[in-house]
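Asks: Structure below; questions to follow.
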Amino acid sequence: MDDRLSNDDYLDLKDIFDSIKRNLKIFLLIFFSIAITGLFYALFKTKTWQGEFQIVLRSNNQNILKDKGLIRSEGLLNAALNRKNDLKTEVEVLKSPSTLMSVFEYVKNEKKNKKYKVDDLSFKDWSRNLKIILKDKTNILDLKYEDSDKDIILPVLNRISKKYENYSNKARLKSLTLAYEYLSDQVQDFRIKSRAASKKAQEFAIDNGLLLYGSLNGDRSINGDSLSNNSLLTGENLNFNNTVSLENKLKKIEYSIKKIDELKNNSELIPFISKEYEEFESDDLFKEFGFLEAKLSDLRSKFVSNDISILSLNLKREELLKTIKERLLNGLKAERLKARLNLEADKKSKEVLLKYKDLQKDAKQNEITLMNLEKSFAQTSLELKRNPEPWKLITKPTLNPYPVAPNKKRVFLMGIIIGIFAGATSSVVKDTRSSIIYNYDLIKKLLDTKEITNLGNFEYSEWSKILNILLKKYSPNKSTKKIGLLKITSKESSEFIEFNKSIKKCDLNNEILITENTFELNNCDLIYIVTSLGIVTKEQIQKTKEILYLQNKEIIGSIILS
């Protein structure tokens with residue numbers, strides 16, 4: 001078993017307080033050293049002063065134009081500005097040397113005049129004193145500046161606010177100029193596109209015989225820039241039912257041709273099929289067939305079926321049916337060809353109209369875009385001529401009446417807290433390094449015996465009674481056993497003196513050996529380990545147990561004196 005355990009494994013608040021008590025001098029020395037150091041730091045540290053102001057930013061020039069109805073398409077202005085110009089970007093620009101370098105130079109010159117050492121001061125180091133924060137979900141910029149020179153703070157803040165006003169005007173003018181140039185190019189471009197799209201739609205309509213009238217909005221002629229939105233022929237007015245009717249008629253004709261081809265030449269169904277088509281009802285062949293049928297019916301009522309006159313008429317009837325079938329097939333095939341041609345023409349007409357509709361839509365979109373661009377261009381021109389409005393200061397630059405650093409109370413309190421922590425840590429570390437055991441749970445773990453008695457829980461006057469009961473438990477009167485009490489200690493203490501006195505008062509029939517030498521226990525039948533907190537080390541207990549193990553001696557129990 002590995003008995004190499006650390007005091008930290010069993011450390012609690014009581015152990016820490018006990019360690020502080022044992023090492024009170026070390027604790028107080030470290031505590032007062034750190035606490036007094038913190039106090040002197042708070043008293044003599046150079047004071048830091050702070051000033052601040054707030055300003056309302058315009059998120060970007062895109063919002064200015066959109067609020068005035070200048071540009072309805074967000075993509076147009078993004079293209080005009082050619083950058084993502086949001087508030088976070090603005091803040092980063094405001095922190096940059098390009099904006100604040102002149103203010104930094106002013107600070108250096110002022111500090112040089114006051115004999116400050118600023119030769120090695122960089123813009124990056126100086127900007128750490130400047131806190132620029134954009135308040136969450138607002139356009140408000142909160143700016144704070146700190147410096148050990150109280151007199152320089154307000155001049156610096158005033159210069160920064162002036163810089164920001166100039167920057168806002170400059171940025172506004174630059175963005176509007178870019179938008180103006182972009183919109184100017186777009187207006188010219190879309191004028192050409194609009195004319196071309198309108199002309200293309202008109203030429204297509206003329207080439208395909210489409211009649212147009214009116215204009216898009218009443219202010220542009222048909223031969224100018226626009227197409228009619230109320231054309232006589234548009235995709236919405238197409239008769240798609242006509243196409244379906246032609247397709248159904250073609251299917252019916254093809255079905256009839258197929259069925260007639262399958263019939264025999266003398267089939268009596270042929271005349272009935274022909275009645276489905278009006279164009280065949282007035283044909284002379286069908287009239288002749290009708291007369292022939294009537295005559296045959298009359299003869300059949302007068303003569304037998306094999307009469308020469310009936311047979312002659314039947315032959316004529318068969319020839320007539322054959323002729324009717326051929327006439328009917330030829331007529332249906334002609335109708336089929338006609339239906340196919342009509343269907344093809346109908347589909348072609350729809351393609352033309354749908355194509356015209358697309359051209360008309362494209363021309364209309366180009367014209368609407370051109371109108372919006374022209375309006376935006378005009379408004380942007382007016383915005384450029386308007387007097388610029390700088391960002392608005394919510395609060396004027398002000399100097400806080402009290403220094404922000406050092407916070408004397410906080411520094412002194414931190415010194416006390418750190419002093420207590422460092423002193424306690426030093427006390428615990430000292431106890432840990434000494435290897436002396438002060439923890440009851442740890443010594444129990446190290447002794448690892450069946451029975452452990454802590455006499456420290458009782459008064460000295462009761463020790464002899466407790467020991468009498470304990471030693472008789474494993475050594476009855478009838479037995480003649482020698483009891484060995486092995487003391488493990490690094491020094492004699494008052495507890496061991498009282499222990500020796502208490503043993504002498506015990507009423508035992510056994511011989512008792514009290515020793516610190518493990519090798520003197522060879523003749524002992526029962527062995528107890530006797531030790532106390534604060535005067536024994538882990539190494540002593542481990543070494544003693546190893547020797548007893550080699551001697552094959554069993555430890556009955558342990559007695560702890562404190």
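A note on labels: chains of the structure tokens are A, B, ... as shown, every chain counts residues from 1, and ligands are counted from 1 in their shown order.
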Quick one: residues within 9 Å of segment 456-468 of chain A, only C-alpha atoms counted, chain neighbours fewer than 2 positions away excluded, as a list of chain:residue names?

Replies: A:Thr453, A:Asn454, A:Leu470, A:Leu471, A:Lys472, A:Lys473, A:Glu495, A:Glu498, A:Phe499, A:Lys501, A:Ser502, A:Ile503, A:Lys504, A:Lys505, A:Cys506, A:Asp507, A:Leu508, A:Ser532, A:Ile560, A:Leu561, A:Ser562

Asks: Please provide the set of residues having any atom within 8 Å of Pro403 of chain A, restricted to only C-alpha atoms, with same-chain residues fewer than 2 positions apart removed, written as a list of chain:residue names.

Replies: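 The neighbour list is A:Lys47, A:Thr48, A:Trp49, A:Gln50, A:Asn400, A:Pro401, A:Ala405, A:Pro406.
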
Asks: Can you work out which one of A:Lys333, A:Lys163, A:Lys364, A:Arg327 has the shortest atom-to-atom distance to Lys199 of chain A, counting only C-alpha atoms?

Replies: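 The answer is A:Lys364, which sits nearest to Lys199 of chain A.
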
Asks: Please determine, counting only C-alpha atoms, which residue among A:Thr531, A:Ser127, A:Asn139, A:Thr395 has the shortest atom-to-atom distance to Gln54 of chain A.

Replies: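 With only C-alpha atoms as the atom set, the closest residue is A:Thr395.
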
Asks: May I have the residues within 12 Å of Ile192 of chain A as a ChimeraX atom specification, using only C-alpha atoms and disregarding those fewer than 6 positions away in the same chain?

Replies: /A:185-186,198-199,224-225,363,366-367,370
